[in-house]
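Below is my_file05.cif, holding mmCIF, C-alpha atoms.
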data_work
#
loop_
_atom_site.label_atom_id
_atom_site.label_comp_id
_atom_site.auth_asym_id
_atom_site.auth_seq_id
_atom_site.Cartn_x
_atom_site.Cartn_y
_atom_site.Cartn_z
CA MET V 21 79.66 172.54 8.41
CA THR V 22 76.48 170.63 7.48
CA ASP V 23 75.72 166.96 8.09
CA GLU V 24 76.03 166.33 4.37
CA GLN V 25 79.55 167.80 4.33
CA ARG V 26 80.58 165.72 7.32
CA THR V 27 79.10 162.44 6.08
CA GLU V 28 81.55 160.10 4.41
CA TYR V 29 81.34 160.37 0.63
CA VAL V 30 80.35 157.14 -1.06
CA PRO V 31 80.25 157.44 -4.89
CA ARG V 32 77.05 156.21 -6.49
CA SER V 33 79.03 154.00 -8.86
CA VAL V 34 82.57 152.88 -9.63
CA SER V 35 82.93 150.94 -12.83
CA PRO V 36 84.40 147.44 -12.58
CA PRO V 37 87.90 147.02 -14.03
CA GLY V 38 86.37 144.73 -16.64
CA GLU V 39 85.01 147.77 -18.45
CA THR V 40 88.52 149.18 -18.75
CA LEU V 41 89.74 145.81 -19.96
CA ALA V 42 87.02 145.72 -22.64
CA GLU V 43 88.02 149.19 -23.84
CA THR V 44 91.68 148.16 -23.91
CA LEU V 45 90.91 145.06 -25.96
CA GLU V 46 88.91 147.16 -28.42
CA GLU V 47 91.84 149.56 -28.83
CA LEU V 48 94.24 146.64 -29.37
CA GLN V 49 91.73 144.90 -31.66
CA ILE V 50 91.99 141.72 -29.59
CA THR V 51 88.95 139.59 -28.88
CA GLN V 52 88.23 138.02 -25.49
CA ALA V 53 88.88 134.62 -27.02
CA GLU V 54 92.27 135.73 -28.33
CA LEU V 55 93.16 137.25 -24.94
CA ALA V 56 92.23 133.98 -23.25
CA ARG V 57 94.52 132.02 -25.59
CA ARG V 58 97.42 134.44 -25.09
CA MET V 59 97.01 134.30 -21.28
CA GLY V 60 96.41 130.57 -21.18
CA ARG V 61 93.11 131.13 -19.34
CA PRO V 62 89.58 129.83 -20.04
CA ILE V 63 87.41 132.17 -22.10
CA LYS V 64 84.79 131.95 -19.35
CA THR V 65 87.21 133.54 -16.87
CA ILE V 66 87.99 136.45 -19.21
CA ASN V 67 84.30 136.99 -19.88
CA GLU V 68 83.48 137.06 -16.16
CA ILE V 69 86.26 139.60 -15.54
CA VAL V 70 84.92 141.84 -18.32
CA ARG V 71 81.40 141.63 -16.84
CA GLY V 72 82.67 142.35 -13.32
CA LYS V 73 81.67 138.91 -12.08
CA ALA V 74 85.21 137.73 -11.32
CA ALA V 75 88.04 139.61 -9.64
CA ILE V 76 91.44 140.35 -11.16
CA LEU V 77 93.93 138.43 -9.05
CA PRO V 78 97.66 139.31 -8.90
CA GLU V 79 98.60 136.46 -11.26
CA THR V 80 95.92 137.62 -13.72
CA ALA V 81 97.17 141.21 -13.49
CA PHE V 82 100.71 140.15 -14.49
CA GLN V 83 99.35 138.11 -17.38
CA LEU V 84 97.34 141.13 -18.55
CA GLU V 85 100.48 143.24 -18.38
CA MET V 86 102.30 140.82 -20.67
CA VAL V 87 99.52 140.80 -23.26
CA THR V 88 98.18 144.38 -23.12
CA ASP V 89 101.36 146.23 -22.04
CA VAL V 90 99.27 147.89 -19.29
CA PRO V 91 101.11 147.59 -15.92
CA ALA V 92 99.93 144.98 -13.45
CA ASN V 93 99.71 147.56 -10.67
CA PHE V 94 97.17 149.51 -12.75
CA TRP V 95 94.88 146.50 -12.98
CA MET V 96 95.27 145.75 -9.29
CA ALA V 97 94.55 149.38 -8.38
CA ARG V 98 91.36 149.34 -10.47
CA GLU V 99 90.29 146.06 -8.91
CA THR V 100 90.98 147.30 -5.38
CA ALA V 101 89.10 150.55 -5.97
CA TYR V 102 86.09 148.64 -7.28
CA ARG V 103 86.03 146.12 -4.41
CA VAL V 104 86.45 148.89 -1.81
CA HIS V 105 83.53 150.73 -3.41
CA LEU V 106 81.35 147.63 -3.15
CA ALA V 107 82.35 147.17 0.48
CA GLN V 108 81.61 150.84 1.22
CA LYS V 109 78.17 150.55 -0.34
CA ALA V 110 77.43 147.43 1.70
CA ARG V 111 78.64 149.04 4.92
CA HIS V 112 76.74 152.25 4.21
CA ALA V 113 73.56 150.24 3.64
CA ALA V 114 74.13 148.32 6.87
CA GLU V 115 74.50 151.58 8.81
CA GLN V 116 71.05 152.64 7.63
CA THR V 117 69.35 149.48 8.93
CA GLY V 118 66.95 149.59 11.83
CA GLU V 119 69.18 147.50 14.07
CA ALA V 120 72.21 149.79 13.74
CA VAL V 121 70.12 152.95 14.09
CA GLU V 122 68.35 151.64 17.18
CA TRP V 123 71.75 150.80 18.66
CA ALA V 124 72.96 154.35 18.02
CA ARG V 125 69.83 155.84 19.60
CA ARG V 126 70.77 154.29 22.94
CA PHE V 127 73.77 156.61 23.28
CA PRO V 128 73.54 160.28 24.34
CA CYS V 129 74.90 161.30 20.94
CA ARG V 130 73.89 164.95 21.12
CA ALA V 131 75.73 165.43 24.41
CA MET V 132 78.75 163.56 23.04
CA ALA V 133 78.72 165.87 20.01
CA GLU V 134 78.46 168.97 22.23
CA TRP V 135 81.64 167.91 24.02
CA GLY V 136 83.34 167.33 20.67
CA TRP V 137 83.75 163.58 21.10
CA ILE V 138 81.89 162.86 17.88
CA GLN V 139 80.53 165.01 15.06
CA ARG V 140 76.99 166.33 15.15
CA HIS V 141 74.26 164.90 12.88
CA SER V 142 70.59 165.71 12.52
CA ARG V 143 69.49 162.09 12.15
CA ALA V 144 70.19 159.00 14.21
CA HIS V 145 71.64 156.99 11.33
CA GLY V 146 74.34 159.64 10.90
CA TYR V 147 75.74 158.71 14.30
CA VAL V 148 76.22 155.02 13.51
CA HIS V 149 79.55 155.49 11.73
CA GLU V 150 80.59 158.11 14.31
CA LEU V 151 80.07 155.60 17.12
CA TYR V 152 81.93 152.86 15.23
CA SER V 153 84.92 155.19 14.96
CA PHE V 154 84.63 156.42 18.55
CA PHE V 155 84.59 152.90 20.01
CA ARG V 156 86.89 151.44 17.31
CA VAL V 157 84.41 148.71 16.38
CA ALA V 158 82.88 147.65 13.07
CA SER V 159 79.31 146.78 14.11
CA PRO V 160 76.85 146.81 17.03
CA GLU V 161 77.60 143.12 17.51
CA ALA V 162 81.31 143.85 17.81
CA TRP V 163 80.57 146.61 20.33
CA THR V 164 78.50 144.20 22.41
CA ALA V 165 81.27 141.60 22.30
CA ILE V 166 83.80 144.15 23.56
CA TRP V 167 81.72 145.86 26.23
CA ASN V 168 80.02 142.72 27.53
CA ARG V 169 83.27 140.90 28.30
CA PRO V 170 83.50 139.79 31.95
CA GLU V 171 86.30 142.25 32.72
CA VAL V 172 84.17 145.21 31.62
CA ALA V 173 80.70 143.90 32.49
CA PHE V 174 79.89 146.75 34.84
CA ARG V 175 76.10 146.63 34.36
CA ARG V 176 75.46 144.42 37.36
CA SER V 177 76.78 147.02 39.80
CA LEU V 178 74.59 149.85 38.49
CA LYS V 179 71.16 151.06 39.50
CA GLN V 180 68.18 150.11 37.38
CA ASP V 181 67.89 153.64 35.96
CA GLY V 182 71.51 153.86 34.82
CA ASN V 183 72.19 153.86 31.09
CA PRO V 184 75.02 151.40 30.35
CA PHE V 185 75.46 152.86 26.87
CA ALA V 186 76.09 156.33 28.31
CA ILE V 187 78.49 154.86 30.85
CA ALA V 188 80.37 152.99 28.13
CA ALA V 189 80.73 156.22 26.14
CA TRP V 190 81.98 158.06 29.23
CA LEU V 191 84.48 155.30 29.97
CA ARG V 192 85.66 155.21 26.36
CA GLN V 193 86.33 158.96 26.40
CA GLY V 194 88.50 158.42 29.45
CA GLU V 195 90.54 155.86 27.50
CA ILE V 196 90.91 158.28 24.60
CA GLN V 197 92.09 161.11 26.85
CA ALA V 198 94.50 158.79 28.66
CA GLN V 199 96.18 157.45 25.50
CA PRO V 200 98.71 160.29 25.03
CA ARG V 201 99.54 160.54 28.73
CA THR V 202 102.92 159.36 29.95
CA ALA V 203 103.45 157.68 33.29
CA VAL V 204 106.10 155.59 34.98
CA GLY V 205 105.39 152.00 36.00
CA TYR V 206 102.93 151.62 38.85
CA ASP V 207 104.47 151.81 42.32
CA PRO V 208 102.12 151.47 45.34
CA GLU V 209 104.51 153.13 47.78
CA SER V 210 104.85 156.15 45.49
CA LEU V 211 101.06 156.31 45.20
CA ARG V 212 100.68 156.35 49.00
CA GLN V 213 103.05 159.31 49.17
CA VAL V 214 101.16 161.06 46.39
CA LEU V 215 97.85 160.57 48.19
CA ALA V 216 99.23 161.96 51.44
CA GLN V 217 100.39 165.08 49.60
CA ALA V 218 97.18 165.36 47.57
CA ARG V 219 95.18 166.31 50.67
CA ALA V 220 96.63 169.82 50.46
CA LEU V 221 95.32 170.16 46.89
CA THR V 222 91.74 170.05 48.18
CA ALA V 223 92.07 173.73 49.15
CA GLU V 224 93.28 174.80 45.69
CA GLU V 225 91.36 176.12 42.70
CA ALA V 226 90.62 173.72 39.86
CA ASN V 227 93.17 175.32 37.53
CA VAL V 228 95.79 174.39 40.13
CA PHE V 229 94.68 171.03 41.48
CA VAL V 230 93.75 169.39 38.15
CA PRO V 231 97.22 169.55 36.51
CA ALA V 232 99.00 169.07 39.84
CA LEU V 233 97.02 165.92 40.62
CA GLN V 234 97.61 164.54 37.15
CA ARG V 235 101.36 165.18 37.32
CA SER V 236 101.84 163.71 40.78
CA CYS V 237 99.76 160.59 40.13
CA ALA V 238 101.64 159.95 36.89
CA THR V 239 104.84 159.64 38.95
CA ALA V 240 103.23 156.61 40.63
CA GLY V 241 101.93 154.99 37.44
CA VAL V 242 98.34 156.27 37.71
CA ILE V 243 96.64 158.35 35.02
CA VAL V 244 93.93 160.75 36.24
CA GLU V 245 91.39 162.03 33.74
CA PHE V 246 88.50 164.45 34.26
CA VAL V 247 85.69 163.63 31.82
CA PRO V 248 82.43 165.60 31.54
CA GLU V 249 79.38 163.69 32.71
CA LEU V 250 76.84 162.41 30.19
CA PRO V 251 73.05 162.31 30.59
CA GLY V 252 72.07 158.94 32.01
CA ALA V 253 75.57 157.92 33.07
CA ARG V 254 75.13 158.81 36.76
CA VAL V 255 78.76 158.03 37.49
CA SER V 256 81.10 160.12 39.63
CA GLY V 257 84.24 158.02 39.21
CA ALA V 258 85.73 154.84 37.81
CA THR V 259 88.95 152.86 38.13
CA ARG V 260 90.53 150.32 35.81
CA TRP V 261 93.92 149.05 34.69
CA LEU V 262 94.92 149.96 31.16
CA ASN V 263 97.78 147.46 31.42
CA PRO V 264 99.56 145.69 34.31
CA ASN V 265 101.65 148.79 35.07
CA ARG V 266 99.25 151.61 34.32
CA ALA V 267 96.02 152.43 36.14
CA LEU V 268 93.36 154.96 35.15
CA ILE V 269 91.27 156.96 37.61
CA GLN V 270 88.45 158.73 35.79
CA LEU V 271 86.37 161.44 37.45
CA SER V 272 83.30 163.49 36.57
CA PHE V 273 81.62 166.37 38.37
CA ARG V 274 78.36 164.57 38.85
CA PHE V 275 77.81 166.08 42.31
CA LYS V 276 79.52 169.38 41.40
CA THR V 277 81.14 170.17 44.76
CA ASN V 278 84.75 169.76 45.84
CA ASP V 279 83.95 167.53 48.83
CA GLN V 280 82.29 164.98 46.54
CA LEU V 281 85.04 165.20 43.93
CA TRP V 282 87.84 164.59 46.41
CA PHE V 283 85.95 161.80 48.12
CA SER V 284 85.50 160.15 44.71
CA PHE V 285 89.20 160.54 43.89
CA PHE V 286 90.41 158.92 47.12
CA HIS V 287 87.71 156.26 46.80
CA GLU V 288 89.02 155.34 43.34
CA ALA V 289 92.61 155.46 44.61
CA ALA V 290 91.67 152.81 47.17
CA HIS V 291 90.65 150.50 44.34
CA VAL V 292 94.08 150.98 42.75
CA LEU V 293 95.95 150.33 45.97
CA ARG V 294 93.92 147.56 47.54
CA HIS V 295 91.67 145.75 45.11
CA PRO V 296 91.95 143.26 42.21
CA ARG V 297 93.14 144.61 38.89
CA LYS V 298 90.48 142.83 36.85
CA GLY V 299 87.35 144.63 35.79
CA ILE V 300 86.16 148.20 36.12
CA PHE V 301 85.13 149.75 39.41
CA ILE V 302 82.24 152.17 38.89
CA ASP V 303 81.27 154.70 41.57
CA GLU V 304 77.67 155.79 41.22
CA GLY V 305 77.30 157.18 44.72
CA SER V 306 75.75 154.16 46.47
CA SER V 307 78.43 151.79 47.75
CA THR V 308 77.04 148.45 48.89
CA THR V 309 79.64 145.77 48.11
CA ALA V 310 82.45 144.99 50.54
CA LEU V 311 85.09 146.47 48.22
CA GLU V 312 83.12 149.67 47.73
CA VAL V 313 82.51 150.05 51.46
CA GLU V 314 86.22 149.54 52.08
CA ALA V 315 87.03 152.19 49.48
CA ASP V 316 84.60 154.59 51.19
CA ARG V 317 86.31 154.09 54.52
CA PHE V 318 89.71 154.60 52.97
CA ALA V 319 88.61 157.86 51.36
CA SER V 320 87.07 159.18 54.58
CA GLY V 321 90.09 158.21 56.65
CA ILE V 322 92.72 159.71 54.39
CA LEU V 323 90.84 162.99 53.90
CA ILE V 324 90.22 163.40 57.63
CA PRO V 325 91.94 160.88 59.92
CA ASP V 326 89.29 159.12 62.02
CA GLU V 327 90.81 160.02 65.38
CA ALA V 328 91.02 163.70 64.51
CA PHE V 329 87.48 163.67 63.17
CA ARG V 330 86.07 161.97 66.30
CA GLU V 331 87.76 164.58 68.47
CA PHE V 332 86.36 167.42 66.37
CA ALA V 333 82.89 165.84 66.16
CA SER V 334 82.64 165.76 69.96
CA HIS V 335 82.61 169.58 70.07
CA HIS V 336 79.27 170.31 68.44
CA PRO V 337 77.49 172.50 67.49
CA PHE V 338 79.62 173.23 64.44
CA SER V 339 80.00 176.89 63.62
CA ARG V 340 81.60 178.28 60.50
CA GLN V 341 84.61 179.41 62.54
CA LYS V 342 85.08 175.95 64.06
CA VAL V 343 84.90 174.22 60.68
CA VAL V 344 87.34 176.65 59.05
CA ALA V 345 89.80 176.39 61.97
CA PHE V 346 89.68 172.59 61.97
CA ALA V 347 90.13 172.44 58.19
CA SER V 348 93.12 174.77 58.43
CA ALA V 349 94.69 172.64 61.16
CA GLU V 350 94.21 169.50 59.05
CA GLY V 351 95.45 171.17 55.86
CA ILE V 352 92.30 170.48 53.85
CA ALA V 353 89.45 172.48 52.34
CA PRO V 354 86.59 173.49 54.68
CA GLY V 355 84.10 172.05 52.22
CA VAL V 356 85.58 168.59 52.79
CA VAL V 357 84.89 168.92 56.51
CA VAL V 358 81.33 170.07 55.84
CA GLY V 359 80.76 167.11 53.53
CA ARG V 360 82.02 164.64 56.15
CA LEU V 361 79.82 166.17 58.87
CA GLN V 362 76.78 165.99 56.61
CA HIS V 363 77.53 162.42 55.59
CA GLU V 364 77.87 161.38 59.23
CA GLY V 365 74.53 162.99 60.06
CA LEU V 366 76.14 165.58 62.33
CA LEU V 367 75.18 168.54 60.18
CA PRO V 368 72.02 169.08 58.06
CA TYR V 369 72.70 168.93 54.32
CA GLY V 370 71.57 172.52 53.89
CA HIS V 371 74.03 173.97 56.43
CA LEU V 372 77.39 175.61 55.65
CA ASN V 373 77.24 174.62 51.98
CA ASP V 374 78.75 177.98 51.08
CA LEU V 375 82.05 176.59 52.42
CA LYS V 376 82.06 174.08 49.60
CA ALA V 377 83.63 174.99 46.25
CA HIS V 378 81.36 174.35 43.29
CA LEU V 379 82.92 172.84 40.20
CA ARG V 380 81.79 173.26 36.62
CA TRP V 381 83.07 173.01 33.08
CA GLU V 382 84.09 176.41 31.80
CA SER V 383 82.75 175.75 28.31
CA VAL V 384 81.73 172.94 26.03
CA ALA V 385 84.43 173.89 23.55
CA SER V 386 87.37 173.79 25.95
CA ALA V 387 86.03 171.33 28.56
CA ARG V 388 88.16 173.17 31.11
CA VAL V 389 87.37 172.91 34.80
CA VAL V 390 86.76 175.96 36.96
CA THR V 391 85.91 176.48 40.62
CA ALA V 392 83.25 178.84 41.92
CA ASN V 393 82.46 179.64 45.55
CA GLY V 394 78.98 179.38 46.97
#
Could you spell out this file's structure in structure tokens?
Amino acid sequence: MTDEQRTEYVPRSVSPPGETLAETLEELQITQAELARRMGRPIKTINEIVRGKAAILPETAFQLEMVTDVPANFWMARETAYRVHLAQKARHAAEQTGEAVEWARRFPCRAMAEWGWIQRHSRAHGYVHELYSFFRVASPEAWTAIWNRPEVAFRRSLKQDGNPFAIAAWLRQGEIQAQPRTAVGYDPESLRQVLAQARALTAEEANVFVPALQRSCATAGVIVEFVPELPGARVSGATRWLNPNRALIQLSFRFKTNDQLWFSFFHEAAHVLRHPRKGIFIDEGSSTTALEVEADRFASGILIPDEAFREFASHHPFSRQKVVAFASAEGIAPGVVVGRLQHEGLLPYGHLNDLKAHLRWESVASARVVTANG
């Protein structure tokens, strides 16, 4: 399908209902002056309606029905069609303006189109309407008003090179994916039980752990969505409350290994369990605030209890056999152990990486997650 076929059709012209009224008067052999007398309206008003300068209001439509025997709903339909056409032309013109096009250029539209979030266009102005629909806004100003509200003002927590427009698009896709999901009301105790059980999922393939994690978290009132990363977003996870009883944990595969994914998940879960429900927590991989540091500690501790890790860490050097045996005893994936050792500086980042599972999207069309070893 071409861009032209996808673009919304806006007719070049729709005649004003006054033209139809003029034709009707000619057929009835009634002058505008006579019509005005029969309707009890000023001749100026009738003339302006005929010339398309004045709108046909409901009262006028009923008066026209009485005089011309043409139903009032016909006149109102013609008037509505004409006014909608004028509004479409004005909106279409506004979408071609430099300001709207420059706004659209700030988003990674091609990548969004590849994932099927919006339709593909060859020119930037073609994406303006797509982005309005995607974000459910009517203008760049409305988008700014929505995404710059204090509760979603995530820009301050991001690195200088992060693209807030890409992050907003990634977050919005998470909302869209979460909309049809069902979940019970949030229950912190249920979530703690879910998290304890989720450790075992770290050793599973993606086709197993993705649906299992989503199902179990939904029983605690938490929606989990996996959303492909976008160029410039540089985000591995995010947490927010969709309403007082429904939280959303959104994850990408920015770092592409299972140790990073599971750390991000438990990090975001800490925000749900322990931190304020206002705002959006964004995980870009560099935690500096007190809440982010606390979430890091929570994630590390729940994946590998600190006491068990300290005991294991005292028996270096760390061979493949030792790591696999310890992971088996703890009921977690070996890659998670490798990631913790590397993070703690106990193992070089290039060592034992083959124990990590690498995650990727199976295809752009399906956006399915698969796991590959090595």
Matched chain/residue IDs from the PyMOL selection byres ((chain V and resi 222) around 9), as a short mmCIF file (atom, residue, chain, number, x, y, z; two decimals) with C-alpha atoms, in the frame of the given file:
data_model
loop_
_atom_site.label_atom_id
_atom_site.label_comp_id
_atom_site.auth_asym_id
_atom_site.auth_seq_id
_atom_site.Cartn_x
_atom_site.Cartn_y
_atom_site.Cartn_z
CA ALA V 218 97.18 165.36 47.57
CA ARG V 219 95.18 166.31 50.67
CA ALA V 220 96.63 169.82 50.46
CA LEU V 221 95.32 170.16 46.89
CA ALA V 223 92.07 173.73 49.15
CA GLU V 224 93.28 174.80 45.69
CA GLU V 225 91.36 176.12 42.70
CA PHE V 229 94.68 171.03 41.48
CA ASN V 278 84.75 169.76 45.84
CA ASP V 279 83.95 167.53 48.83
CA TRP V 282 87.84 164.59 46.41
CA GLY V 351 95.45 171.17 55.86
CA ILE V 352 92.30 170.48 53.85
CA ALA V 353 89.45 172.48 52.34
CA PRO V 354 86.59 173.49 54.68
CA GLY V 355 84.10 172.05 52.22
CA VAL V 356 85.58 168.59 52.79
#
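Distance-wise, CA of Ile322 in chain V and CA of Ala188 in chain V end up 29.8 Å apart.
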Selection dump of the PyMOL selection byres ((chain V and resi 269) around 12), as an mmCIF file with C-alpha atoms, in the frame of the given file:
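This went into selection27.cif:
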data_model
loop_
_atom_site.group_PDB
_atom_site.id
_atom_site.type_symbol
_atom_site.label_atom_id
_atom_site.label_comp_id
_atom_site.auth_asym_id
_atom_site.auth_seq_id
_atom_site.Cartn_x
_atom_site.Cartn_y
_atom_site.Cartn_z
ATOM 1 C CA LEU V 191 84.480 155.300 29.970
ATOM 2 C CA GLY V 194 88.500 158.420 29.450
ATOM 3 C CA GLU V 195 90.540 155.860 27.500
ATOM 4 C CA GLN V 197 92.090 161.110 26.850
ATOM 5 C CA ALA V 198 94.500 158.790 28.660
ATOM 6 C CA LEU V 233 97.020 165.920 40.620
ATOM 7 C CA GLN V 234 97.610 164.540 37.150
ATOM 8 C CA CYS V 237 99.760 160.590 40.130
ATOM 9 C CA ALA V 238 101.640 159.950 36.890
ATOM 10 C CA GLY V 241 101.930 154.990 37.440
ATOM 11 C CA VAL V 242 98.340 156.270 37.710
ATOM 12 C CA ILE V 243 96.640 158.350 35.020
ATOM 13 C CA VAL V 244 93.930 160.750 36.240
ATOM 14 C CA GLU V 245 91.390 162.030 33.740
ATOM 15 C CA PHE V 246 88.500 164.450 34.260
ATOM 16 C CA VAL V 247 85.690 163.630 31.820
ATOM 17 C CA SER V 256 81.100 160.120 39.630
ATOM 18 C CA GLY V 257 84.240 158.020 39.210
ATOM 19 C CA ALA V 258 85.730 154.840 37.810
ATOM 20 C CA THR V 259 88.950 152.860 38.130
ATOM 21 C CA ARG V 260 90.530 150.320 35.810
ATOM 22 C CA TRP V 261 93.920 149.050 34.690
ATOM 23 C CA LEU V 262 94.920 149.960 31.160
ATOM 24 C CA ARG V 266 99.250 151.610 34.320
ATOM 25 C CA ALA V 267 96.020 152.430 36.140
ATOM 26 C CA LEU V 268 93.360 154.960 35.150
ATOM 27 C CA GLN V 270 88.450 158.730 35.790
ATOM 28 C CA LEU V 271 86.370 161.440 37.450
ATOM 29 C CA SER V 272 83.300 163.490 36.570
ATOM 30 C CA SER V 284 85.500 160.150 44.710
ATOM 31 C CA PHE V 285 89.200 160.540 43.890
ATOM 32 C CA PHE V 286 90.410 158.920 47.120
ATOM 33 C CA HIS V 287 87.710 156.260 46.800
ATOM 34 C CA GLU V 288 89.020 155.340 43.340
ATOM 35 C CA ALA V 289 92.610 155.460 44.610
ATOM 36 C CA ALA V 290 91.670 152.810 47.170
ATOM 37 C CA HIS V 291 90.650 150.500 44.340
ATOM 38 C CA VAL V 292 94.080 150.980 42.750
ATOM 39 C CA LEU V 293 95.950 150.330 45.970
ATOM 40 C CA ILE V 300 86.160 148.200 36.120
ATOM 41 C CA PHE V 301 85.130 149.750 39.410
ATOM 42 C CA ILE V 302 82.240 152.170 38.890
ATOM 43 C CA ASP V 303 81.270 154.700 41.570
#
Straight-line distance linking CA of Thr44 in chain V with CA of Gln108 in chain V, stated in Å to one decimal: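 Interatomic distance here is 27.2 Å.
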How close does range 230-299 of chain V get to range 149-173 of chain V? List, as JSON lines, each residue of range 230-299 of chain V within 10 Å, its nearest atom pair and the distance in Å to one decimal, counting only C-alpha atoms.
{"residue": "V:Arg260", "atom": "CA", "partner": "V:Val172", "partner_atom": "CA", "distance": 9.2}
{"residue": "V:Arg297", "atom": "CA", "partner": "V:Glu171", "partner_atom": "CA", "distance": 9.5}
{"residue": "V:Lys298", "atom": "CA", "partner": "V:Glu171", "partner_atom": "CA", "distance": 5.9}
{"residue": "V:Gly299", "atom": "CA", "partner": "V:Glu171", "partner_atom": "CA", "distance": 4.0}
